[in-house]
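Undergrad: See final-v7.cif below, with mmCIF, C-alpha atoms.
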data_coords
loop_
_atom_site.label_atom_id
_atom_site.label_comp_id
_atom_site.auth_asym_id
_atom_site.auth_seq_id
_atom_site.Cartn_x
_atom_site.Cartn_y
_atom_site.Cartn_z
CA MET A 1 -44.13 19.59 -5.99
CA LYS A 2 -40.99 19.61 -3.87
CA ALA A 3 -37.34 18.75 -4.31
CA ARG A 4 -34.94 18.00 -1.49
CA VAL A 5 -31.75 20.02 -1.17
CA ARG A 6 -28.69 18.83 0.72
CA LEU A 7 -25.93 21.00 2.07
CA PHE A 8 -22.51 19.96 3.30
CA ALA A 9 -19.39 21.26 5.01
CA ARG A 10 -19.06 25.05 4.84
CA LEU A 11 -22.41 25.46 3.06
CA SER A 12 -24.30 23.66 5.80
CA GLU A 13 -22.63 25.84 8.40
CA LEU A 14 -23.46 29.01 6.44
CA ALA A 15 -27.10 27.97 6.06
CA GLY A 16 -27.35 26.48 9.54
CA THR A 17 -28.96 23.37 8.10
CA ARG A 18 -28.02 20.25 6.15
CA GLU A 19 -31.33 19.88 4.38
CA ALA A 20 -34.02 22.01 2.83
CA GLU A 21 -36.99 21.67 0.54
CA VAL A 22 -37.78 23.87 -2.42
CA GLU A 23 -40.91 24.16 -4.53
CA VAL A 24 -40.14 23.02 -8.04
CA GLY A 25 -42.23 24.73 -10.69
CA GLU A 26 -42.08 24.04 -14.38
CA GLY A 27 -38.56 24.19 -15.80
CA LEU A 28 -36.67 24.73 -12.55
CA THR A 29 -32.92 24.00 -12.81
CA ALA A 30 -30.22 23.11 -10.29
CA GLY A 31 -28.85 26.65 -10.52
CA GLU A 32 -32.29 28.06 -9.83
CA VAL A 33 -32.61 25.84 -6.78
CA TYR A 34 -29.44 27.46 -5.46
CA ARG A 35 -30.79 30.95 -6.11
CA ALA A 36 -34.07 30.08 -4.40
CA LEU A 37 -32.06 28.88 -1.41
CA CYS A 38 -30.06 32.12 -1.31
CA GLY A 39 -33.33 33.98 -0.74
CA ARG A 40 -33.96 31.90 2.34
CA TYR A 41 -30.31 31.69 3.54
CA PRO A 42 -28.56 34.90 2.43
CA ALA A 43 -25.21 33.63 3.78
CA LEU A 44 -25.15 31.22 0.85
CA SER A 45 -25.08 34.07 -1.68
CA GLY A 46 -22.08 34.80 -3.89
CA LEU A 47 -20.81 31.21 -4.12
CA ASN A 48 -21.97 30.84 -7.71
CA GLY A 49 -18.49 30.49 -9.10
CA SER A 50 -17.29 27.82 -6.72
CA ILE A 51 -20.11 25.39 -6.07
CA ARG A 52 -21.14 22.51 -8.24
CA TYR A 53 -24.39 20.59 -8.36
CA ALA A 54 -25.38 17.00 -8.02
CA VAL A 55 -28.85 15.81 -8.95
CA ASN A 56 -29.79 12.44 -7.48
CA GLY A 57 -26.19 11.71 -6.59
CA GLU A 58 -24.59 12.51 -9.96
CA TYR A 59 -22.67 15.65 -10.85
CA ALA A 60 -24.88 17.88 -13.02
CA GLU A 61 -24.66 21.19 -14.88
CA PRO A 62 -26.38 24.28 -13.39
CA GLY A 63 -28.92 23.98 -16.20
CA HIS A 64 -29.90 20.43 -15.22
CA PRO A 65 -33.69 20.20 -14.72
CA VAL A 66 -34.99 19.44 -11.25
CA GLY A 67 -38.37 17.84 -10.75
CA GLU A 68 -40.58 16.56 -8.01
CA GLY A 69 -38.81 14.18 -5.64
CA ASP A 70 -35.34 14.92 -7.00
CA GLU A 71 -32.45 15.39 -4.60
CA VAL A 72 -30.21 18.37 -5.35
CA ALA A 73 -26.88 18.70 -3.57
CA LEU A 74 -24.78 21.84 -3.44
CA ILE A 75 -21.19 20.65 -3.67
CA PRO A 76 -18.40 22.92 -2.38
CA PRO A 77 -14.97 22.37 -3.96
CA VAL A 78 -13.63 19.06 -2.73
CA SER A 79 -10.51 19.34 -0.67
CA GLY A 80 -8.40 16.77 -2.41
CA GLY A 81 -8.04 18.07 -5.92
CA SER A 82 -9.18 20.31 -8.72
CA HIS A 83 -12.80 20.57 -9.62
CA ALA A 84 -12.49 18.79 -12.95
CA VAL A 85 -14.25 15.42 -12.95
CA MET B 1 41.89 -21.99 11.36
CA LYS B 2 38.29 -22.56 10.37
CA ALA B 3 35.60 -20.64 8.51
CA ARG B 4 31.89 -21.35 8.79
CA VAL B 5 29.88 -22.07 5.65
CA ARG B 6 26.13 -21.62 5.39
CA LEU B 7 23.86 -23.27 2.86
CA PHE B 8 20.29 -22.40 1.99
CA ALA B 9 17.29 -23.57 0.00
CA ARG B 10 18.22 -26.02 -2.78
CA LEU B 11 21.89 -26.05 -1.79
CA SER B 12 21.13 -27.14 1.76
CA GLU B 13 18.92 -29.91 0.44
CA LEU B 14 21.62 -31.06 -1.99
CA ALA B 15 24.25 -31.10 0.73
CA GLY B 16 21.92 -32.42 3.40
CA THR B 17 23.11 -29.75 5.81
CA ARG B 18 22.71 -26.03 6.44
CA GLU B 19 26.15 -25.52 7.93
CA ALA B 20 29.68 -26.73 7.47
CA GLU B 21 33.17 -25.80 8.51
CA VAL B 22 36.19 -25.59 6.23
CA GLU B 23 39.86 -25.28 7.01
CA VAL B 24 41.10 -21.95 5.75
CA GLY B 25 44.73 -21.98 4.70
CA GLU B 26 46.69 -19.01 3.46
CA GLY B 27 45.01 -17.18 0.63
CA LEU B 28 41.78 -19.18 0.53
CA THR B 29 38.97 -17.48 -1.40
CA ALA B 30 35.17 -17.77 -1.36
CA GLY B 31 35.29 -19.71 -4.63
CA GLU B 32 37.81 -22.12 -3.16
CA VAL B 33 35.57 -22.65 -0.15
CA TYR B 34 32.88 -23.77 -2.59
CA ARG B 35 35.26 -26.16 -4.34
CA ALA B 36 36.37 -27.58 -1.01
CA LEU B 37 32.75 -28.17 -0.12
CA CYS B 38 32.09 -29.95 -3.43
CA GLY B 39 34.70 -32.51 -2.43
CA ARG B 40 32.69 -33.26 0.68
CA TYR B 41 29.21 -32.91 -0.86
CA PRO B 42 29.50 -33.94 -4.53
CA ALA B 43 25.84 -33.02 -5.14
CA LEU B 44 26.90 -29.38 -4.89
CA SER B 45 29.20 -29.68 -7.91
CA GLY B 46 28.52 -27.90 -11.18
CA LEU B 47 26.72 -24.89 -9.71
CA ASN B 48 29.64 -22.57 -10.35
CA GLY B 49 27.80 -20.44 -12.86
CA SER B 50 24.72 -19.82 -10.78
CA ILE B 51 25.72 -19.33 -7.15
CA ARG B 52 27.00 -16.16 -5.60
CA TYR B 53 28.94 -15.66 -2.41
CA ALA B 54 28.49 -13.65 0.72
CA VAL B 55 31.30 -13.17 3.21
CA ASN B 56 30.16 -12.06 6.65
CA GLY B 57 26.72 -11.13 5.32
CA GLU B 58 27.82 -9.03 2.32
CA TYR B 59 27.81 -10.11 -1.29
CA ALA B 60 31.40 -10.85 -2.37
CA GLU B 61 33.30 -11.87 -5.49
CA PRO B 62 34.53 -15.48 -5.84
CA GLY B 63 38.04 -14.12 -5.33
CA HIS B 64 37.18 -12.55 -1.96
CA PRO B 65 39.63 -13.77 0.72
CA VAL B 66 38.26 -15.89 3.54
CA GLY B 67 40.03 -16.07 6.88
CA GLU B 68 39.63 -17.59 10.29
CA GLY B 69 36.20 -17.00 11.81
CA ASP B 70 34.67 -15.67 8.61
CA GLU B 71 31.20 -16.76 7.60
CA VAL B 72 30.85 -17.73 3.94
CA ALA B 73 27.37 -18.21 2.48
CA LEU B 74 26.61 -19.90 -0.83
CA ILE B 75 23.73 -17.93 -2.32
CA PRO B 76 21.53 -19.57 -4.95
CA PRO B 77 19.79 -17.21 -7.38
CA VAL B 78 17.10 -15.33 -5.47
CA SER B 79 13.61 -16.05 -6.67
CA GLY B 80 12.40 -12.52 -7.02
CA GLY B 81 14.62 -11.00 -9.64
CA SER B 82 17.83 -11.01 -11.60
CA HIS B 83 21.14 -11.60 -9.93
CA ALA B 84 22.40 -8.04 -10.39
CA VAL B 85 22.77 -6.19 -7.09
CA MET C 1 12.38 1.40 11.39
CA LEU C 2 11.66 -2.28 11.77
CA PHE C 3 13.32 -5.07 9.78
CA GLU C 4 12.44 -8.64 10.51
CA VAL C 5 12.71 -12.08 9.00
CA THR C 6 10.46 -14.26 11.10
CA SER C 7 8.50 -17.50 11.10
CA ALA C 8 5.57 -15.77 12.82
CA VAL C 9 2.39 -14.63 11.04
CA LEU C 10 2.83 -11.09 9.67
CA ASP C 11 0.60 -8.30 11.00
CA PRO C 12 -0.03 -5.31 8.66
CA GLN C 13 -1.58 -3.17 11.41
CA ARG C 14 1.60 -3.47 13.47
CA LEU C 15 3.74 -2.21 10.59
CA ILE C 16 1.35 0.62 9.79
CA ASP C 17 1.36 1.71 13.44
CA HIS C 18 5.11 1.43 13.53
CA VAL C 19 5.83 3.69 10.56
CA ARG C 20 3.10 6.26 11.16
CA LYS C 21 4.37 9.47 12.77
CA ASP C 22 2.44 12.62 13.64
CA GLU C 23 3.84 14.32 10.54
CA SER C 24 2.74 11.44 8.26
CA GLY C 25 -0.21 12.10 5.99
CA ALA C 26 0.12 8.84 4.09
CA VAL C 27 1.09 5.23 4.67
CA ALA C 28 1.58 2.86 1.74
CA LEU C 29 1.64 -0.83 2.52
CA PHE C 30 2.49 -3.79 0.32
CA SER C 31 1.52 -7.31 1.22
CA GLY C 32 2.89 -10.13 -0.88
CA VAL C 33 0.63 -13.14 -0.49
CA VAL C 34 0.85 -16.77 -1.50
CA ARG C 35 -1.32 -17.40 -4.52
CA ASN C 36 -2.75 -20.69 -5.68
CA GLU C 37 -1.14 -20.72 -9.12
CA ASN C 38 2.22 -20.09 -10.75
CA LEU C 39 3.32 -20.81 -14.31
CA GLY C 40 0.12 -22.75 -14.81
CA ARG C 41 0.68 -25.04 -11.83
CA ARG C 42 -1.75 -25.30 -8.96
CA VAL C 43 0.31 -24.49 -5.86
CA LEU C 44 -0.52 -26.30 -2.61
CA TYR C 45 1.75 -24.27 -0.35
CA LEU C 46 5.11 -22.51 -0.30
CA GLU C 47 8.16 -22.90 1.85
CA TYR C 48 10.45 -19.92 2.33
CA ASP C 49 14.08 -20.14 3.35
CA SER C 50 16.29 -17.18 4.14
CA TYR C 51 19.75 -16.13 5.24
CA GLN C 52 18.07 -14.22 8.04
CA GLU C 53 20.86 -11.93 9.29
CA MET C 54 21.84 -10.90 5.78
CA ALA C 55 18.23 -10.41 4.64
CA GLU C 56 17.61 -8.09 7.59
CA GLN C 57 20.79 -6.20 6.73
CA VAL C 58 19.62 -5.89 3.11
CA MET C 59 16.32 -4.45 4.40
CA ARG C 60 18.25 -1.87 6.40
CA GLU C 61 20.43 -0.91 3.44
CA ILE C 62 17.64 -0.50 0.91
CA ALA C 63 15.55 1.41 3.46
CA ASP C 64 18.44 3.83 3.95
CA GLU C 65 18.64 4.24 0.18
CA ALA C 66 14.92 4.99 0.02
CA LEU C 67 15.08 7.48 2.90
CA ALA C 68 17.87 9.31 1.06
CA ARG C 69 15.96 9.37 -2.23
CA TRP C 70 12.34 10.16 -1.29
CA PRO C 71 10.77 12.55 1.22
CA ILE C 72 9.49 9.75 3.40
CA THR C 73 9.21 9.46 7.16
CA ASP C 74 9.82 5.82 8.03
CA VAL C 75 10.09 2.30 6.61
CA ALA C 76 9.27 -1.14 8.01
CA MET C 77 9.79 -4.52 6.33
CA GLN C 78 9.02 -8.08 7.34
CA HIS C 79 9.50 -11.37 5.55
CA ARG C 80 8.12 -14.63 6.76
CA THR C 81 9.91 -17.98 6.49
CA GLY C 82 8.82 -21.60 6.78
CA ARG C 83 5.65 -23.11 5.39
CA LEU C 84 3.05 -20.62 4.13
CA GLU C 85 -0.44 -21.52 3.03
CA ILE C 86 -2.39 -19.96 0.15
CA GLY C 87 -3.46 -16.44 1.15
CA GLU C 88 -0.84 -15.94 3.85
CA ALA C 89 1.46 -12.92 3.64
CA SER C 90 5.12 -13.61 2.91
CA LEU C 91 6.32 -9.99 2.67
CA LEU C 92 5.14 -6.71 4.15
CA VAL C 93 6.62 -3.33 3.30
CA ALA C 94 5.21 -0.17 4.91
CA VAL C 95 6.30 3.38 4.15
CA SER C 96 5.05 6.58 5.75
CA ALA C 97 5.44 10.06 4.28
CA PRO C 98 3.94 13.52 4.57
CA HIS C 99 2.42 13.03 1.10
CA ARG C 100 1.17 10.01 -0.76
CA LYS C 101 3.22 10.13 -3.96
CA ALA C 102 6.53 9.54 -2.16
CA ALA C 103 4.98 6.82 0.02
CA PHE C 104 3.70 4.90 -3.02
CA GLU C 105 6.88 5.28 -5.07
CA ALA C 106 9.24 4.33 -2.25
CA CYS C 107 7.11 1.35 -1.20
CA HIS C 108 6.96 -0.01 -4.75
CA ALA C 109 10.71 0.49 -5.26
CA LEU C 110 11.51 -1.19 -1.94
CA VAL C 111 9.52 -4.28 -2.85
CA ASP C 112 11.22 -4.50 -6.26
CA ARG C 113 14.65 -3.98 -4.75
CA PHE C 114 14.12 -6.47 -1.93
CA LYS C 115 13.04 -9.18 -4.36
CA GLU C 116 16.11 -8.52 -6.51
CA VAL C 117 18.77 -8.70 -3.85
CA ALA C 118 17.53 -10.27 -0.62
CA PRO C 119 18.75 -13.78 0.21
CA VAL C 120 15.27 -15.30 0.40
CA TRP C 121 14.12 -18.34 -1.53
CA LYS C 122 10.81 -20.05 -2.04
CA LYS C 123 9.95 -23.63 -2.78
CA GLU C 124 6.68 -24.31 -4.54
CA VAL C 125 4.93 -27.48 -3.55
CA TRP C 126 2.26 -28.82 -5.85
CA GLU C 127 0.44 -32.12 -6.26
CA GLY C 128 3.18 -34.66 -6.91
CA GLY C 129 6.21 -32.43 -6.82
CA GLU C 130 8.14 -29.44 -5.54
CA GLU C 131 10.76 -27.02 -6.78
CA TRP C 132 12.97 -24.25 -5.44
CA ILE C 133 12.17 -21.21 -7.59
CA GLU C 134 15.40 -19.58 -8.71
CA GLY C 135 16.61 -16.73 -10.81
CA GLU C 136 15.55 -14.95 -13.96
CA ALA C 137 14.07 -17.81 -15.91
CA VAL C 138 11.11 -18.02 -13.57
CA ASN C 139 8.26 -15.75 -12.67
CA ARG C 140 9.51 -12.74 -10.78
CA SER C 141 6.27 -10.90 -10.03
CA GLY C 142 3.71 -11.18 -7.29
CA MET D 1 -15.74 -5.04 -3.42
CA LEU D 2 -16.47 -2.91 -0.40
CA PHE D 3 -17.27 0.81 -0.45
CA GLU D 4 -18.05 2.57 2.77
CA VAL D 5 -18.29 6.05 4.20
CA THR D 6 -18.52 5.57 7.93
CA SER D 7 -17.96 7.27 11.26
CA ALA D 8 -16.35 4.12 12.67
CA VAL D 9 -12.59 3.61 13.07
CA LEU D 10 -11.09 2.16 9.86
CA ASP D 11 -9.47 -1.27 9.96
CA PRO D 12 -6.74 -2.01 7.35
CA GLN D 13 -6.68 -5.73 8.09
CA ARG D 14 -10.37 -6.00 7.28
CA LEU D 15 -9.86 -4.39 3.86
CA ILE D 16 -6.82 -6.51 3.09
CA ASP D 17 -8.72 -9.68 3.98
CA HIS D 18 -11.67 -8.49 1.93
CA VAL D 19 -9.75 -7.92 -1.32
CA ARG D 20 -7.38 -10.88 -1.09
CA LYS D 21 -8.40 -13.81 -3.27
CA ASP D 22 -6.62 -17.13 -3.79
CA GLU D 23 -5.30 -15.88 -7.14
CA SER D 24 -3.91 -12.67 -5.57
CA GLY D 25 -0.15 -12.46 -5.22
CA ALA D 26 -0.15 -8.83 -4.10
CA VAL D 27 -2.22 -6.43 -2.06
CA ALA D 28 -1.44 -2.71 -2.09
CA LEU D 29 -3.00 -0.61 0.65
CA PHE D 30 -3.10 3.13 1.11
CA SER D 31 -3.92 4.72 4.43
CA GLY D 32 -4.46 8.47 4.52
CA VAL D 33 -3.83 9.66 8.06
CA VAL D 34 -4.39 12.92 9.88
CA ARG D 35 -1.12 14.76 10.27
CA ASN D 36 -0.27 17.42 12.80
CA GLU D 37 0.63 20.16 10.32
CA ASN D 38 -0.69 21.72 7.14
CA LEU D 39 0.47 24.88 5.36
CA GLY D 40 2.60 25.67 8.39
CA ARG D 41 -0.26 25.47 10.87
CA ARG D 42 -0.28 23.05 13.78
CA VAL D 43 -3.47 21.03 13.35
CA LEU D 44 -5.34 19.93 16.51
CA TYR D 45 -7.83 17.66 14.77
CA LEU D 46 -9.88 17.33 11.59
CA GLU D 47 -13.56 17.04 10.94
CA TYR D 48 -14.73 15.27 7.79
CA ASP D 49 -18.11 15.77 6.19
CA SER D 50 -19.41 13.81 3.23
CA TYR D 51 -22.36 13.30 0.92
CA GLN D 52 -22.31 9.68 1.92
CA GLU D 53 -24.48 8.03 -0.73
CA MET D 54 -22.79 9.88 -3.55
CA ALA D 55 -19.28 9.29 -2.18
CA GLU D 56 -19.96 5.54 -2.03
CA GLN D 57 -21.29 5.69 -5.59
CA VAL D 58 -18.12 7.52 -6.68
CA MET D 59 -16.06 4.75 -5.05
CA ARG D 60 -18.01 2.17 -7.05
CA GLU D 61 -17.55 4.05 -10.31
CA ILE D 62 -13.82 4.66 -10.00
CA ALA D 63 -13.29 1.07 -8.85
CA ASP D 64 -15.07 -0.14 -12.00
CA GLU D 65 -12.81 2.11 -14.07
CA ALA D 66 -9.74 0.66 -12.35
CA LEU D 67 -10.93 -2.94 -12.83
CA ALA D 68 -11.36 -2.22 -16.54
CA ARG D 69 -7.94 -0.63 -16.87
CA TRP D 70 -5.59 -2.80 -14.78
CA PRO D 71 -5.28 -6.58 -14.30
CA ILE D 72 -6.44 -6.41 -10.69
CA THR D 73 -8.60 -8.77 -8.68
CA ASP D 74 -10.58 -6.63 -6.26
CA VAL D 75 -10.90 -3.15 -4.73
CA ALA D 76 -12.10 -1.91 -1.35
CA MET D 77 -12.38 1.71 -0.17
CA GLN D 78 -13.42 3.31 3.09
CA HIS D 79 -13.61 6.93 4.17
CA ARG D 80 -14.24 8.02 7.69
CA THR D 81 -16.34 11.04 8.69
CA GLY D 82 -16.70 13.07 11.87
CA ARG D 83 -13.91 14.15 14.17
CA LEU D 84 -10.52 12.52 13.56
CA GLU D 85 -7.50 12.89 15.80
CA ILE D 86 -3.87 13.16 14.66
CA GLY D 87 -2.72 9.75 13.44
CA GLU D 88 -6.16 8.35 12.71
CA ALA D 89 -6.91 7.03 9.24
CA SER D 90 -9.38 9.01 7.13
CA LEU D 91 -9.12 6.99 3.92
CA LEU D 92 -8.23 3.39 3.14
CA VAL D 93 -7.87 1.99 -0.37
CA ALA D 94 -6.92 -1.66 -0.88
CA VAL D 95 -6.28 -3.33 -4.23
CA SER D 96 -5.44 -6.98 -4.87
CA ALA D 97 -3.88 -8.32 -8.05
CA PRO D 98 -1.98 -11.35 -9.30
CA HIS D 99 1.13 -9.14 -9.60
CA ARG D 100 2.34 -6.14 -7.65
CA LYS D 101 2.79 -3.55 -10.40
CA ALA D 102 -0.91 -3.41 -11.22
CA ALA D 103 -1.83 -3.39 -7.53
CA PHE D 104 0.42 -0.39 -6.83
CA GLU D 105 -0.59 1.58 -9.92
CA ALA D 106 -4.31 1.04 -9.48
CA CYS D 107 -4.19 1.83 -5.75
CA HIS D 108 -2.32 5.09 -6.33
CA ALA D 109 -4.65 6.12 -9.16
CA LEU D 110 -7.73 5.31 -7.09
CA VAL D 111 -6.56 7.53 -4.23
CA ASP D 112 -5.82 10.40 -6.64
CA ARG D 113 -9.14 9.99 -8.41
CA PHE D 114 -11.14 9.73 -5.19
CA LYS D 115 -9.62 12.92 -3.82
CA GLU D 116 -10.40 14.72 -7.07
CA VAL D 117 -14.05 13.83 -7.40
CA ALA D 118 -15.52 12.45 -4.18
CA PRO D 119 -17.90 14.71 -2.23
CA VAL D 120 -15.85 14.66 0.97
CA TRP D 121 -14.65 17.74 2.82
CA LYS D 122 -12.35 18.35 5.73
CA LYS D 123 -12.27 21.08 8.29
CA GLU D 124 -8.96 21.81 9.94
CA VAL D 125 -9.13 22.88 13.54
CA TRP D 126 -6.10 24.60 15.02
CA GLU D 127 -5.42 26.66 18.11
CA GLY D 128 -7.79 29.61 17.83
CA GLY D 129 -9.46 28.85 14.54
CA GLU D 130 -10.84 26.46 12.00
CA GLU D 131 -11.37 26.31 8.26
CA TRP D 132 -13.06 24.10 5.69
CA ILE D 133 -10.32 23.19 3.22
CA GLU D 134 -11.57 23.68 -0.32
CA GLY D 135 -10.37 23.38 -3.87
CA GLU D 136 -7.18 23.97 -5.80
CA ALA D 137 -5.72 26.86 -3.87
CA VAL D 138 -4.96 24.65 -0.89
CA ASN D 139 -2.77 21.68 -0.26
CA ARG D 140 -4.06 18.67 -2.13
CA SER D 141 -1.59 15.98 -1.13
CA GLY D 142 -1.39 13.64 1.81
#
Would it be possible to restate this file's structure as structure tokens?

TA:
Amino acid sequence: MKARVRLFARLSELAGTREAEVEVGEGLTAGEVYRALCGRYPALSGLNGSIRYAVNGEYAEPGHPVGEGDEVALIPPVSGGSHAV
Amino acid sequence: MKARVRLFARLSELAGTREAEVEVGEGLTAGEVYRALCGRYPALSGLNGSIRYAVNGEYAEPGHPVGEGDEVALIPPVSGGSHAV
Amino acid sequence: MLFEVTSAVLDPQRLIDHVRKDESGAVALFSGVVRNENLGRRVLYLEYDSYQEMAEQVMREIADEALARWPITDVAMQHRTGRLEIGEASLLVAVSAPHRKAAFEACHALVDRFKEVAPVWKKEVWEGGEEWIEGEAVNRSG
Amino acid sequence: MLFEVTSAVLDPQRLIDHVRKDESGAVALFSGVVRNENLGRRVLYLEYDSYQEMAEQVMREIADEALARWPITDVAMQHRTGRLEIGEASLLVAVSAPHRKAAFEACHALVDRFKEVAPVWKKEVWEGGEEWIEGEAVNRSG
């Protein structure tokens, strides 16, 4: 049971990769995917307040459930404007 | 003592020419140039209320003096907006 | 700056390249194109006439006004004359600026202003007739 | 409609041709270009990264919003990724409409909206350093 994670821009440089896989257990959320990734790539830690999530290409809350085959993206603040959608 | 007159769009079709010359006496004005032209090209008559004048490439009042070598243009209403400059 | 009334086909890329400077972050371009309908009539083609020298002078003057009013970098304007088919560009206005807001506002204002004051006229030709479009009473958009 | 995130050089003429329809009287185009300065730093070049699939989906969504809100005919958007030199276009937005006001307004709004929500990031590279530009604290115009 795996989900795909995608990293961009500064996050991909910090992690040294643009893609990762995480095991998704029961009830895993987008925020928990990020925390799981921080264990593997400590340089990603501490960005909680600034990153957003997308699940399958749509912006999603940190509490959004993530299941098998889902694609989770960690979205740094976009350069062109505020973070409000 | 001549001034050059230029005609455009509908006016040039009515007159059958894009250019004319008029004798400029003492004190001739742009409006009088138009009236002189109406004598030669009667189809131009009756447009008093709608045409504007340019003397040497600048919008000018009907009372603007016209002298030797000046270029007077009869300007029909432009298609893109009101006649206010 | 580039101000031209010409019978040649207009080229947007040329105007964009012309106005873009190394300090420009934004270029706004307007292209006025011949459409197939006006006031409910099916238009076959248009014919544009112009007092070329004066129209180019008007371009220069309204560009100077825009450069004084907005933080923009450069302006270029072209109007085509002669017979234009449906879909061909009659007017191009390009404005460069460090930031996009000024580029958009100045470009829009320049198009409005040009259409108000420039000595340029169009004749609509439709099936069975034609007419020089003049003044307020007729459609002034597009 | 045309929505593309690509590493290829952007071509304004292609977008203009794409959005123009026979009922269009106006095409407004925005070109966002790399400028040589930001926040007082001399920029050598930029590097753009993007979540391509999502950025193209965002283009589609905001274009649908614009088509619902303004009387416009068509929309096309392109963003370039990878290394871009000073003067190269990073973003093109083209909007066609019967009349110019809607074309200008929708084009401007689409650029603003895209920069707010699209998953696209730029890294500025200057003499001796580089930085991913993120969020509100930094310059958001251009």

Undergrad: Please write out chain B, superposed on chain A by least squares over all C-alpha atoms matched in order, as a CSV table (one decimal) with C-alpha atoms, in the frame of the given file.

TA:
chain,number,residue,atom,x,y,z
B,1,MET,CA,-44.1,19.6,-6.0
B,2,LYS,CA,-41.0,19.6,-3.9
B,3,ALA,CA,-37.4,18.7,-4.3
B,4,ARG,CA,-35.0,18.0,-1.5
B,5,VAL,CA,-31.8,20.0,-1.2
B,6,ARG,CA,-28.7,18.8,0.7
B,7,LEU,CA,-25.9,21.0,2.1
B,8,PHE,CA,-22.5,20.0,3.3
B,9,ALA,CA,-19.4,21.3,5.0
B,10,ARG,CA,-19.1,25.1,4.8
B,11,LEU,CA,-22.4,25.5,3.1
B,12,SER,CA,-24.3,23.7,5.8
B,13,GLU,CA,-22.6,25.8,8.4
B,14,LEU,CA,-23.5,29.0,6.4
B,15,ALA,CA,-27.1,28.0,6.1
B,16,GLY,CA,-27.4,26.5,9.5
B,17,THR,CA,-29.0,23.4,8.1
B,18,ARG,CA,-28.0,20.2,6.2
B,19,GLU,CA,-31.3,19.9,4.4
B,20,ALA,CA,-34.0,22.0,2.8
B,21,GLU,CA,-37.0,21.7,0.6
B,22,VAL,CA,-37.8,23.9,-2.4
B,23,GLU,CA,-40.9,24.2,-4.5
B,24,VAL,CA,-40.1,23.0,-8.0
B,25,GLY,CA,-42.2,24.7,-10.7
B,26,GLU,CA,-42.1,24.0,-14.4
B,27,GLY,CA,-38.6,24.2,-15.8
B,28,LEU,CA,-36.7,24.7,-12.6
B,29,THR,CA,-32.9,24.0,-12.8
B,30,ALA,CA,-30.2,23.1,-10.3
B,31,GLY,CA,-28.9,26.7,-10.5
B,32,GLU,CA,-32.3,28.1,-9.8
B,33,VAL,CA,-32.6,25.8,-6.8
B,34,TYR,CA,-29.4,27.5,-5.5
B,35,ARG,CA,-30.8,31.0,-6.1
B,36,ALA,CA,-34.0,30.1,-4.4
B,37,LEU,CA,-32.1,28.9,-1.4
B,38,CYS,CA,-30.1,32.1,-1.3
B,39,GLY,CA,-33.3,34.0,-0.7
B,40,ARG,CA,-33.9,31.9,2.3
B,41,TYR,CA,-30.3,31.7,3.5
B,42,PRO,CA,-28.6,34.9,2.4
B,43,ALA,CA,-25.2,33.6,3.8
B,44,LEU,CA,-25.2,31.2,0.8
B,45,SER,CA,-25.1,34.1,-1.7
B,46,GLY,CA,-22.1,34.8,-3.9
B,47,LEU,CA,-20.8,31.2,-4.1
B,48,ASN,CA,-22.0,30.8,-7.7
B,49,GLY,CA,-18.5,30.5,-9.1
B,50,SER,CA,-17.3,27.8,-6.7
B,51,ILE,CA,-20.1,25.4,-6.1
B,52,ARG,CA,-21.1,22.5,-8.3
B,53,TYR,CA,-24.4,20.6,-8.4
B,54,ALA,CA,-25.4,17.0,-8.0
B,55,VAL,CA,-28.9,15.8,-9.0
B,56,ASN,CA,-29.8,12.4,-7.5
B,57,GLY,CA,-26.2,11.7,-6.6
B,58,GLU,CA,-24.6,12.5,-10.0
B,59,TYR,CA,-22.7,15.7,-10.8
B,60,ALA,CA,-24.9,17.9,-13.0
B,61,GLU,CA,-24.7,21.2,-14.9
B,62,PRO,CA,-26.4,24.3,-13.4
B,63,GLY,CA,-28.9,24.0,-16.2
B,64,HIS,CA,-29.9,20.4,-15.2
B,65,PRO,CA,-33.7,20.2,-14.7
B,66,VAL,CA,-35.0,19.4,-11.3
B,67,GLY,CA,-38.4,17.9,-10.8
B,68,GLU,CA,-40.6,16.6,-8.0
B,69,GLY,CA,-38.8,14.2,-5.6
B,70,ASP,CA,-35.3,14.9,-7.0
B,71,GLU,CA,-32.5,15.4,-4.6
B,72,VAL,CA,-30.2,18.4,-5.4
B,73,ALA,CA,-26.9,18.7,-3.6
B,74,LEU,CA,-24.8,21.9,-3.5
B,75,ILE,CA,-21.2,20.7,-3.7
B,76,PRO,CA,-18.4,22.9,-2.4
B,77,PRO,CA,-15.0,22.4,-4.0
B,78,VAL,CA,-13.6,19.1,-2.7
B,79,SER,CA,-10.5,19.4,-0.7
B,80,GLY,CA,-8.4,16.8,-2.4
B,81,GLY,CA,-8.0,18.1,-5.9
B,82,SER,CA,-9.2,20.3,-8.7
B,83,HIS,CA,-12.9,20.5,-9.6
B,84,ALA,CA,-12.5,18.7,-12.9
B,85,VAL,CA,-14.3,15.3,-12.9

Undergrad: Within 6 Å of region 48-54 of chain D, counting all atoms listed in the file, which residues qualify if same-chain residues fewer than 2 places away don't, as a VMD selection string?

TA: (chain A and resid 9 57) or (chain D and resid 5 56 to 57 81 to 82 119 to 122)

Undergrad: Give as a list in words the set of residues within 10 Å of the point (-17.5, 26.4, 5.2), where distances use the file's coordinates and all atoms listed in the file.

TA: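 Here is the list of nearby residues: Phe8, Ala9, Arg10, Leu11, Ser12, Glu13, Leu14, Ala15 and Pro76 of chain A; Trp121, Lys122, Lys123, Glu130, Glu131, Trp132, Ile133 and Glu134 of chain D.
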